[in-house]
Each structure stands twice: as C-alpha cells, then as structure tokens.
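In what follows, a single structure is set out as structure tokens and then discussed.
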Amino acid sequence: MLSDLFEALVRGAHYASVVSEFGCFVFLLAVARPAWQAAGAGAGEAAQFERFLLRLVAWSVALALASGLLWLWVVTAGMSGQPLSAALSGKLIGTVLTATGFGRLWLFRFAVAILLAGFLLFCRLSGRHANWLLFGGVGGLLSGIILGSLALGGHGADDTGSAGVWHLGADILHLLAAGGWLGALIPLIFVLRRARGPAWLPIAQHATRRFSTLGVVTVATLIASGLVNTWYLVGNFPSLFGTPYGRLLLVKLALFAAMLSFAAVNRARLTPRLLAPQSNQAGGQAGARDPLRRLSRNAVCETGLGLALLAVVGALVHLKPGLHDQPVWPFPIAISSAGIVLTRGAWLVLIAAAVAAALGLAASALAMRRQRWLFAAASVAAIVLASGVGLHPFVVEAFPTSFMHSPIRYGALSVARGLPLYAENCVLCHGPYGYGDGPAAASLPIKPADLTGAHLFHHGEGTLFWWVSHGIAGTPMPAFADKLSESQRWDLLNFLRAQADAEHANAMSADSSGWADVVAPDFAFQIGHAAQETLKQQRGRFIVLLVLLSDPGSSQRLHALDAAMPQLERAGVRVIAVSLAKDGEASGKTELELPHLSIAETDTATIAAYGLFRRTASVEGVPPMPTHMEFLIDRAGYLRYRWSPAYGAGWSHIAALVTRIDSLNREPPRPPAPEGHVH
C-alpha cells in the first residue's frame with residue numbers, strides 16, 4: 001500500500017513538473033508576448049519576466065528529470081518484485097530500459113528532457129531567451145513532446161484500431177490542454193503580483209484578458225477530451241460509482257469543478273473590474289488593487305487544486321480502468337427500465353415531469369446569469385423534484401453485485417458445468433426444465449419462479465448472482481454462497497440462461513419468422529488436423545449451419561449436404577457437423593466417405609449444452625430429443641432457425657435451406673451477440 005502511494009506521488013510530481021514546463025512556454029507565446037506588445041512595456045519589466053520564467057522552467061526540468069529517475073526506480077522494483085533497495089541494481093534497470101515498452105518510452109522522454117535542458121543552458125549563456133518567439137517555440141515543442149508522450153504509457157495506448165486512435169488522441173489533447181492551463185498559472189501569478197507597480201498594471205490587464213481566452217480554449221478541450229477518455233475508461237455509471245478507478249475519477253472531477261468555479265469568478269467578475277476604465281486612468285491603481293489581489297489569490301488556489309488533481313492522476317494511472325473492473329454498487333436502489341410497462345397515466349406524469357425539469361433548467365440558467373441566487377436555488381430544487389417524480393417508476397432495489405458481469409464466458413463448457421449443479425440444487429423446487437413445478441413446489445408457501453419466463457431477462461446477471469448467493473428475502477429461495485464456489489454460481493447462471501434461451505428456441509422451426517434474442521453458446525471444435533476453432537471465431541465471417549447427427553441415421557442427409565457444399569460456401573455458409581454416439585456423448589470420426597464435408601470433433605460439453613436446444617415443448621411434456629437436428633446461426637452469433645427430419649419436410653431439400661440462408665444474407669448487419677447475460 002505504501003509503495004503504491006509512493007509511486008502515485010512520484011508520478012504526480014513528474015506530471016506537475018512537465019505540466020509546468022509546457023505551461024511556461026504556452027504563457028510566453030499566447031499571453032505574455034501579445035500582452036507586452038499591447039501594453040508597450042519597457043525592457044526592464046521584460047527582463048524581470050525573462051529571468052523568472054527561465055528559472056521556473058529550469059527548476060521544472062530539474063524536477064522532471066529527478067522524478068523521472070525515481071519513477072524508473074519504482075517501476076523497476078514493481079516489475080522485478082524486489083524491494084526498492086534491491087531495485088537499484090544496474091542489471092535490473094538495464095533490463096527494464098531495453099526489454100519493456102515502459103523502458104523504451106522512458107529513454108525517449110529522458111533524451112528529449114536532456115535536449116530541453118541543453119537548450120535552456122544555451123539560451124541562458126547566449127541570451128537567446130530574450131527572443132521570446134524562438135525561446136517559446138523551441139521550448140514549447142520539446143516540452144510538448146515530453147508532456148504528450150505521457151499518453152503513450154497510459155491507458156490510451158492500450159486500445160487498438162480506430163478506438164485506439166480516438167482514445168490516444170484524446171489523451172494527448174487532454175494532457176496538452178492541462179499543461180496550457182495549469183502550467184500557465186504560476187507565470188500569471190508572477191505578473192499579477194508585480195502589477196502593484198504602475199508600470200506592470202497595463203501588462204497585467206492585457207495578460208489577464210489573454211489568459212481568460214486561453215482558459216476558455218483549454219477548458220473546452222479538457223472537457224471534450226475528458227468525455228472521450230471517460231467513455232473508453234469508465235463507460236457507464238455503475239463503473240463510475242462502483243469501482244476504485246471511478247470513485248477516484250469523481251475526486252478528480254470534484255477538484256476540476258472547484259478549479260472551474262475560481263476560473264468562472266475570475267472571468268465573469270474580477271477580470272471586468274480589472275479592465276474597467278477607471279483602472280486605466282491616472283490614479284486608478286488603487287481601484288485596480290482589489291481585483292488584482294483577488295485574481296492573484298484565486299490563481300494560487302487554482303494552482304493548489306491543480307497540484308492535488310495531478311496527484312490524483314498519478315494514482316489513476318496505476319488503477320485498472322472502471323470499464324474492465326467489476327463494479328460494487330454502493331446504493332440500495334438503481335434506475336432500470338427493464339420489464340417496466342407504463343400506463344397511460346404514468347406516461348402523462350413522466351412527460352409532465354420532463355417538461356417541468358426542462359423549464360427548471362432554463363429558469364436556473366437565466367437566474368444565474370442575472371445573479372439571482374435564491375431564484376436559481378429554487379429552480380434547482382424544482383429540477384430535483386421533477387426528476388424524482390419522473391424517475392420513480394424506474395427505481396428498483398439494487399445490491400452490491402447488481403451491475404457485475406460474469407467473469408466466465410457464456411459457452412458450452414460453462415453450461416455443461418452448470419447442468420449438474422442445477423440438478424443437485426434447483427430441481428427440487430424449480431423442476432427439471434425450470435418451470436417452477438419441482439417435487440417440493442406444492443408444499444412451499446410461495447410458488448417457485450418459472451426460470452424460463454421472459455422476466456428472467458429483466459434482471460441483470462449481477463442481481464441473479466446476488467439472489468443465488470444470498471437468497472431472496474421473504475421467499476423460500478435459500479442462499480448458496482456457502483455451498484457453491486463463486487465460479488460454480490456463475491456456471492449455474494450460465495446454465496439458467498441457456499435453459500431460458502432454449503425454451504424460446506424450442507418454438508423455432510425451419511419456417512420461423514422474425515428475430516429471436518437467442519445466443520448460440522460458444523464451443524470449441526477441430527476438423528481433421530487443422531487448428532482448433534471456436535464458434536465465436538465464425539462471427540462476422542460466416543453463417544453457420546450446425547449439424548448434430550447420429551451415425552448411421554444421418555448418412556443420407558450428410559451426403560446431400562456434402563454434394564451441396566460448393567453452393568453453400570458461395571452463399572457464405574460454414575457447415576460444422578458434430579457426431580453424436582448417444583445422448584450426452586460425442587463419438588469419434590465417422591466412417592462415411594465425404595469428399596467436401598468433414599465431421600468436426602468436439603467434447604461432451606457441447607453435446608450436453610446443445611441438448612437443451614433440441615427439446616420441443618408439447619402438451620404431453622417434453623418428448624425424446626431427435627437424433628438429428630440442424631441449427632442456422634447468423635453472422636452475429638444468434639440462433640435463427642432449427643430443423644429436424646422428425647418435425648417435417650422443412651429444408652430437407654437443399655433449395656429450402658438456401659432460401660433461409662438468402663434471407664439471412666439480405667438482413668442488415670447486427671451487433672455481435674453479447675458475452676454476458678441478455679436483458
């Protein structure tokens with residue numbers, strides 16, 4: 001814990017130093033140079049500012065180099081698993097520098113920092129720092145490279161493809177905008193403090209105006225790039241409130257909001273007072289003294305908040321992004337629209353609440369613009385009240401695990417592992433097929449739930465996991481946390497999902513119409529001596545015809561499919577034929593001679609999982625499963641059609657099968673089937 005805190009502080013110090021470097025040059029070019037020109041200031045004031053800026057940049061570079069070396073030391077200790085004292089080994093550090101991405105990036109950044117230090121020394125000895133355009137341009141370029149390259153070692157560099165480009169680009173812009181605002185505050189404070197003298201007042205006035213414009217640009221960039229980064233790193237409210245990364249990000253946002261409040265006061269109230277006509281008149285120094293003092297004080301507060309914010313950023317880099325972590329929901333309620341059916345009256349109330357909230361928002365904006373704070377507070381209260389009334393029907397009970405997702409992928413292996421767990425722990429009450437008709441159901445005070453109904457999908461898998469783990473208050477549903485391990489409970493939920501999906505798939509036929517939200521469980525298979533593949537790998541590439549067959553009862557059908565293979569392949573179909581020795585077992589290779597069609601080998605889990613999808617409900621109960629069944633799975637991974645010779649002609653003729661394939665080919669592309677619970 002202490003090592004993590006130390007590393008976060010080291011990173012925060014490094015961020016602060018490189019932000020200060022870049023901000024000094026931004027201030028010089030964007031604020032100081034035009035302000036000096038507009039004020040017609042003398043050489044004496046310029047020389048004072050040059051000396052201050054050169055010292056500030058030099059100290060910032062020195063701190064960047066020192067903190068960079070400390071950062072390398074800490075990372076070496078973390079990668080090697082050695083204590084800090086042992087991580088000073090030249091061999092270990094050399095390995096990190098030459099054999100890791102962090103080390104290579106560190107070498108590049110260290111080289112640029114040394115180049116910047118050499119440039120500063122050259123300017124100091126030759127007096128070139130007096131050429132503000134040259135000094136600011138070269139220094140700004142080098143320091144911008146150092147600051148922007150921090151993104152290459154952050155979360156933004158982890159994504160690939162177009163997402164990686166957007167995320168990394170937003171990360172770089174975010175860093176540069178932060179440097180342009182936070183790093184320019186200390187030079188601004190210097191100018192404001194000097195403005196107590198009459199020669200500096202016009203400089204301060206012009207500098208304040210220019211900095212105000214710079215602040216608007218950098219803050220807008222920070223907000224836009226921050227939203228992009230939040231989308232890629234957090235993505236949703238549960239991850240924002242329920243993960244360490246999200247909660248620390250909220251602290252960062254609170255600090256940013258506090259900085260914005262100071263910046264807003266400076267821009268809206270103090271800057272206009274400083275630029276008022278009486279401040280430019282003779283004797284106006286006294287009138288300008290108060291806004292100058294308050295502007296300087298607020299800039300100091302902004303700087304302090306900025307340093308705290310950078311320390312938080314140093315800790316954020318070390319944490320797993322909220323989007324890739326399991327959120328622990330901290331509130332007893334949540335907002336959900338799943339399964340909610342609103343009456344006409346409820347719709348009217350919802351619309352009225354939305355209108356009232358919109359009017360309250362407009363009224364609060366107008367009141368704040370006119371500085372009528374009491375009316376603004378009343379408007380905000382009206383917004384909160386209207387939002388509460390409108391959202392009330394969507395408020396549901398929530399649990400710490402409500403927004404968790406299964407760490408175990410939905411597939412045949414997990415479903416097969418969950419099948420005996422269901423038989424041992426759930427059949428007594430819920431029955432063998434999940435209808436709630438188990439042997440003990442009649443004696444229970446509350447009838448067990450039908451686990452195949454649509455209501456199952458109205459609950460997130462995290463909520464179902466909580467109920468399986470801790471039971472349901474007020475019902476006979478017991479807790480299984482002490483009986484089943486965490487992975488077993490997730491396997492059980494994957495089985496329940498497959499069982500509920502299979503209930504909907506049992507109504508499918510060769511002539512089904514429309515689209516059903518039924519995901520085909522993933523499984524692994526191998527054809528001949530080729531590499532092992534999975535069903536998921538076919539997504540986006542092929543329509544899959546999955547054939548479950550028995551030898552030799554399916555030989556005639558296999559010969560027909562073999563003869564049609566060229567036609568099916570032209571239509572973008574991948575045929576995966578799996579042989580059944582008997583129910584629940586996978587046989588070895590078939591002895592049939594098929595020149596085009598090969599029989600895939602898989603494990604018993606695939607047969608067990610897809611056994612759920614071979615049933616057909618009837619008034620007499622569940623009849624024996626057919627020994628030959630075919631499934632059409634679309635390119636997104638959804639189960640669309642199924643056929644067995646036992647159920648009629650269907651697509652016994654290849655032409656009928658091709659018709660179904662053509663209909664799938666004509667559909668617009670769908671998003672890939674979800675990995676987690678469907679709801």
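Naming works like this for the structure tokens: A, B, ... for the chains as they're shown, residue 1 at the start of each chain, ligands 1 onward in shown order.
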
Distance query A:Pro645 at most 12 Å, only C-alpha atoms, self and fewer than 2 positions along chain excluded, as a list in words: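 In the requested format, the answer is Ser509, Ala510, Leu548, Leu549, Gly553, Ser554, Gln556, Arg557, Met625, Pro626, Thr627, His628, Met629, Glu630, Arg642, Trp643, Tyr647, Gly648, Ala649, Gly650, Trp651, Ser652 and His653 of chain A.
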
A:Leu385 environment, 9 Å, only C-alpha atoms, sequence neighbours closer than 5 positions dropped, as JSON, numbers by chain: {"A": [353, 357, 380, 390]}

Could those selected residues go to a file with N, CA and C atoms, as a compact mmCIF listing (two decimals), in the first residue's frame?
```
# COMPACT_ATOMS: atom_id res chain seq x y z
N ALA A 353 -43.26 15.66 -15.91
CA ALA A 353 -42.04 15.81 -15.12
C ALA A 353 -40.87 16.25 -15.99
N ALA A 357 -38.82 19.70 -15.54
CA ALA A 357 -37.37 19.71 -15.35
C ALA A 357 -36.69 20.60 -16.39
N VAL A 380 -33.27 24.88 -9.13
CA VAL A 380 -32.56 23.61 -9.00
C VAL A 380 -33.39 22.64 -8.16
N GLY A 390 -40.50 11.87 -12.03
CA GLY A 390 -40.46 11.20 -13.32
C GLY A 390 -39.76 9.86 -13.28
```

Spatial neighbours of A:Ala41, 10 Å, only C-alpha atoms, chain gap at least 5 places, as a PyMOL selection string: chain A and resi 35-36+46+199-203

Expected file contents, prior selection, N, CA and C atoms, as a compact mmCIF listing (two decimals), in the first residue's frame:
```txt
# COMPACT_ATOMS: atom_id res chain seq x y z
N ALA A 35 0.69 40.48 -24.73
CA ALA A 35 0.38 41.44 -23.66
C ALA A 35 1.45 42.53 -23.60
N TRP A 36 2.72 42.16 -23.69
CA TRP A 36 3.81 43.14 -23.66
C TRP A 36 3.72 44.08 -24.87
N ALA A 46 10.38 43.39 -19.04
CA ALA A 46 10.60 42.18 -19.83
C ALA A 46 11.75 41.37 -19.28
N ALA A 199 3.99 50.49 -13.67
CA ALA A 199 4.48 50.04 -14.97
C ALA A 199 3.93 48.66 -15.34
N TRP A 200 3.59 47.86 -14.32
CA TRP A 200 3.13 46.50 -14.58
C TRP A 200 1.62 46.41 -14.76
N LEU A 201 0.87 47.45 -14.35
CA LEU A 201 -0.59 47.35 -14.40
C LEU A 201 -1.12 47.10 -15.81
N PRO A 202 -0.71 47.87 -16.83
CA PRO A 202 -1.22 47.58 -18.18
C PRO A 202 -0.84 46.18 -18.66
N ILE A 203 0.35 45.72 -18.26
CA ILE A 203 0.75 44.36 -18.64
C ILE A 203 -0.20 43.35 -18.02
```

Mind checking DSSP for stretch 406-543 of chain A and telling me the strand (DSSP E or B) residues as a compact mmCIF listing (two decimals) with C-alpha atoms, in the first residue's frame?
```txt
# COMPACT_ATOMS: atom_id res chain seq x y z
CA GLY A 411 -20.30 -21.14 -23.63
CA VAL A 519 -27.43 -16.55 -28.45
CA ASP A 522 -19.85 -20.88 -27.90
CA ALA A 524 -14.55 -25.38 -29.45
CA PHE A 525 -14.17 -27.83 -32.31
CA GLN A 526 -11.49 -29.29 -34.55
CA GLU A 533 -11.50 -23.23 -33.69
CA THR A 534 -14.49 -21.83 -31.82
CA ILE A 543 -23.46 -18.06 -41.40
```

Report the closest atom pair, with its distance in Å rounded to one decimal, for each residue of stretch 357-444 of chain A that has an atom no farther than 9 Å from stretch 308-326 of chain A; count only C-alpha atoms, sort by chain and then rising residue number, and write it as a Markdown table.
```
| residue | atom | partner | partner_atom | distance |
| --- | --- | --- | --- | --- |
| A:Thr401 | CA | A:Gln326 | CA | 8.4 |
| A:Phe403 | CA | A:Gln326 | CA | 7.8 |
| A:Met404 | CA | A:Gln326 | CA | 5.4 |
| A:His405 | CA | A:Gln326 | CA | 7.0 |
| A:Pro407 | CA | A:Gln326 | CA | 8.9 |
```

With a distance cut-off of 12 Å and only C-alpha atoms, select the neighbouring residues of A:Leu133, excluding the residue or stretch itself and same-chain residues fewer than 2 positions from it, and output the selection as a CSV table (one decimal) with N, CA and C atoms, in the first residue's frame.
```csv
chain,number,residue,atom,x,y,z
A,25,PHE,N,5.9,27.9,-21.5
A,25,PHE,CA,6.1,28.3,-22.9
A,25,PHE,C,4.8,28.7,-23.5
A,26,VAL,N,3.7,28.1,-23.1
A,26,VAL,CA,2.4,28.5,-23.6
A,26,VAL,C,2.1,29.9,-23.2
A,27,PHE,N,2.3,30.2,-21.9
A,27,PHE,CA,2.1,31.5,-21.4
A,27,PHE,C,2.9,32.5,-22.1
A,28,LEU,N,4.2,32.2,-22.3
A,28,LEU,CA,5.1,33.1,-23.0
A,28,LEU,C,4.6,33.5,-24.4
A,29,LEU,N,4.1,32.5,-25.2
A,29,LEU,CA,3.7,32.8,-26.5
A,29,LEU,C,2.3,33.3,-26.6
A,30,ALA,N,1.4,32.7,-25.9
A,30,ALA,CA,-0.1,33.0,-26.0
A,30,ALA,C,-0.5,34.2,-25.2
A,32,ALA,N,2.0,36.3,-22.6
A,32,ALA,CA,3.0,37.4,-22.3
A,32,ALA,C,3.4,38.2,-23.6
A,33,ARG,N,3.8,37.5,-24.6
A,33,ARG,CA,4.3,38.2,-25.8
A,33,ARG,C,3.2,39.2,-26.4
A,34,PRO,N,2.0,38.8,-26.6
A,34,PRO,CA,1.0,39.8,-27.1
A,34,PRO,C,0.7,40.9,-26.0
A,128,ARG,N,19.7,34.1,-25.7
A,128,ARG,CA,18.6,33.9,-26.7
A,128,ARG,C,17.3,33.8,-26.1
A,129,HIS,N,17.2,33.7,-24.7
A,129,HIS,CA,15.9,33.6,-24.1
A,129,HIS,C,15.2,35.0,-24.2
A,130,ALA,N,15.9,36.0,-24.6
A,130,ALA,CA,15.3,37.3,-24.9
A,130,ALA,C,14.5,37.3,-26.2
A,131,ASN,N,14.8,36.4,-27.0
A,131,ASN,CA,14.0,36.2,-28.3
A,131,ASN,C,12.8,35.3,-27.9
A,135,PHE,N,12.6,31.2,-28.2
A,135,PHE,CA,12.6,30.6,-26.9
A,135,PHE,C,11.3,29.8,-26.7
A,136,GLY,N,10.2,30.5,-26.9
A,136,GLY,CA,8.9,29.8,-26.6
A,136,GLY,C,8.6,28.7,-27.7
A,137,GLY,N,9.0,28.9,-28.9
A,137,GLY,CA,8.7,28.0,-30.0
A,137,GLY,C,9.4,26.7,-29.8
A,138,VAL,N,10.8,26.7,-29.6
A,138,VAL,CA,11.6,25.5,-29.5
A,138,VAL,C,11.3,24.9,-28.1
A,139,GLY,N,11.2,25.7,-27.1
A,139,GLY,CA,10.9,25.1,-25.7
A,139,GLY,C,9.6,24.5,-25.7
A,140,GLY,N,8.6,25.2,-26.3
A,140,GLY,CA,7.2,24.6,-26.3
A,140,GLY,C,7.1,23.3,-27.0
A,141,LEU,N,7.8,23.2,-28.2
A,141,LEU,CA,7.8,22.0,-28.9
A,141,LEU,C,8.4,20.8,-28.1
```

Atomic separation - atom CA of A:Phe523 relative to atom CA of A:Lys536, Å: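 About the pair atom CA of A:Lys536 and atom CA of A:Phe523: they are 7.7 Å apart.
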
Residue nearest A:Asn229 among A:Leu182, A:Val518, A:Val165, A:Cys123 (counting only C-alpha atoms):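 Ranked by minimum distance to A:Asn229, first place goes to A:Val165.
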
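Minimum atom-to-atom distance to A:Thr98, evaluated using only C-alpha atoms, belongs to A:Thr76 out of A:Ala442, A:Leu188, A:Thr76, A:Arg574.
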
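Here atom CA of A:His14 and atom CA of A:Met79 stand 19.6 Å from one another.
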
Residue set, stretch 179-404 of chain A restricted to alpha helix (DSSP H), as a PyMOL selection string: chain A and resi 179-182+185-194+201-233+237-242+244-265+271-274+277-280+285-316+344-369+373-391

Within 12 Å of stretch 143-150 of chain A, which residues of stretch 15-98 of chain A come that close, and what is the closest atom pair and distance in Å for each? Count only C-alpha atoms and give it as CSV.
```
residue,atom,partner,partner_atom,distance
A:Tyr15,CA,A:Leu147,CA,7.9
A:Ala16,CA,A:Leu147,CA,10.0
A:Ser17,CA,A:Leu147,CA,9.5
A:Val18,CA,A:Leu147,CA,5.8
A:Val19,CA,A:Leu147,CA,6.7
A:Ser20,CA,A:Ser143,CA,9.3
A:Glu21,CA,A:Ser143,CA,6.1
A:Phe22,CA,A:Ser143,CA,5.1
A:Gly23,CA,A:Ser143,CA,8.9
A:Cys24,CA,A:Ser143,CA,9.6
A:Phe25,CA,A:Ser143,CA,8.3
A:Val26,CA,A:Gly144,CA,9.6
A:Val57,CA,A:Ser143,CA,9.9
A:Ala58,CA,A:Ser143,CA,11.8
A:Ser60,CA,A:Ser143,CA,10.4
A:Val61,CA,A:Ser143,CA,9.1
A:Ala64,CA,A:Ile146,CA,9.7
A:Leu65,CA,A:Ile146,CA,11.1
A:Gly68,CA,A:Ile146,CA,11.2
```

Write a file of the just-selected residues containing N, CA and C atoms, as an mmCIF file, in the first residue's frame.
```
data_model
loop_
_atom_site.group_PDB
_atom_site.id
_atom_site.type_symbol
_atom_site.label_atom_id
_atom_site.label_comp_id
_atom_site.auth_asym_id
_atom_site.auth_seq_id
_atom_site.Cartn_x
_atom_site.Cartn_y
_atom_site.Cartn_z
ATOM 1 N N TYR A 15 4.229 14.549 -13.355
ATOM 2 C CA TYR A 15 3.215 15.238 -14.152
ATOM 3 C C TYR A 15 3.248 16.740 -13.895
ATOM 4 N N ALA A 16 3.350 17.123 -12.606
ATOM 5 C CA ALA A 16 3.364 18.550 -12.265
ATOM 6 C C ALA A 16 4.550 19.255 -12.906
ATOM 7 N N SER A 17 5.706 18.621 -12.919
ATOM 8 C CA SER A 17 6.900 19.270 -13.472
ATOM 9 C C SER A 17 6.791 19.441 -14.981
ATOM 10 N N VAL A 18 6.313 18.410 -15.697
ATOM 11 C CA VAL A 18 6.233 18.545 -17.161
ATOM 12 C C VAL A 18 5.077 19.470 -17.555
ATOM 13 N N VAL A 19 4.016 19.501 -16.745
ATOM 14 C CA VAL A 19 2.929 20.459 -16.984
ATOM 15 C C VAL A 19 3.447 21.885 -16.821
ATOM 16 N N SER A 20 4.267 22.101 -15.788
ATOM 17 C CA SER A 20 4.834 23.431 -15.563
ATOM 18 C C SER A 20 5.745 23.849 -16.714
ATOM 19 N N GLU A 21 6.583 22.932 -17.199
ATOM 20 C CA GLU A 21 7.449 23.235 -18.343
ATOM 21 C C GLU A 21 6.632 23.750 -19.525
ATOM 22 N N PHE A 22 5.652 22.930 -19.922
ATOM 23 C CA PHE A 22 4.877 23.269 -21.115
ATOM 24 C C PHE A 22 4.069 24.538 -20.896
ATOM 25 N N GLY A 23 3.474 24.690 -19.702
ATOM 26 C CA GLY A 23 2.648 25.859 -19.423
ATOM 27 C C GLY A 23 3.422 27.158 -19.471
ATOM 28 N N CYS A 24 4.695 27.124 -19.052
ATOM 29 C CA CYS A 24 5.518 28.343 -19.113
ATOM 30 C C CYS A 24 5.667 28.833 -20.551
ATOM 31 N N PHE A 25 5.939 27.923 -21.455
ATOM 32 C CA PHE A 25 6.134 28.318 -22.857
ATOM 33 C C PHE A 25 4.813 28.735 -23.500
ATOM 34 N N VAL A 26 3.703 28.069 -23.119
ATOM 35 C CA VAL A 26 2.393 28.478 -23.624
ATOM 36 C C VAL A 26 2.069 29.889 -23.155
ATOM 37 N N VAL A 57 11.305 27.429 -15.524
ATOM 38 C CA VAL A 57 11.434 26.312 -16.463
ATOM 39 C C VAL A 57 12.608 25.426 -16.067
ATOM 40 N N ALA A 58 13.722 26.029 -15.658
ATOM 41 C CA ALA A 58 14.893 25.239 -15.276
ATOM 42 C C ALA A 58 14.587 24.345 -14.080
ATOM 43 N N SER A 60 11.639 23.310 -13.213
ATOM 44 C CA SER A 60 10.663 22.308 -13.661
ATOM 45 C C SER A 60 11.348 21.158 -14.384
ATOM 46 N N VAL A 61 12.333 21.493 -15.242
ATOM 47 C CA VAL A 61 13.082 20.449 -15.950
ATOM 48 C C VAL A 61 13.878 19.601 -14.963
ATOM 49 N N ALA A 64 11.529 17.337 -13.287
ATOM 50 C CA ALA A 64 11.083 16.294 -14.214
ATOM 51 C C ALA A 64 12.131 15.198 -14.338
ATOM 52 N N LEU A 65 13.402 15.590 -14.432
ATOM 53 C CA LEU A 65 14.470 14.597 -14.540
ATOM 54 C C LEU A 65 14.587 13.773 -13.251
ATOM 55 N N GLY A 68 11.523 11.605 -12.861
ATOM 56 C CA GLY A 68 11.574 10.545 -13.867
ATOM 57 C C GLY A 68 12.491 9.413 -13.444
#
```

Nearest to A:Pro669, chosen from A:Val219, A:Ala655, A:Arg539, A:Trp166, with only C-alpha atoms counted in the distances: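 Result for the nearest residue to A:Pro669: A:Arg539.
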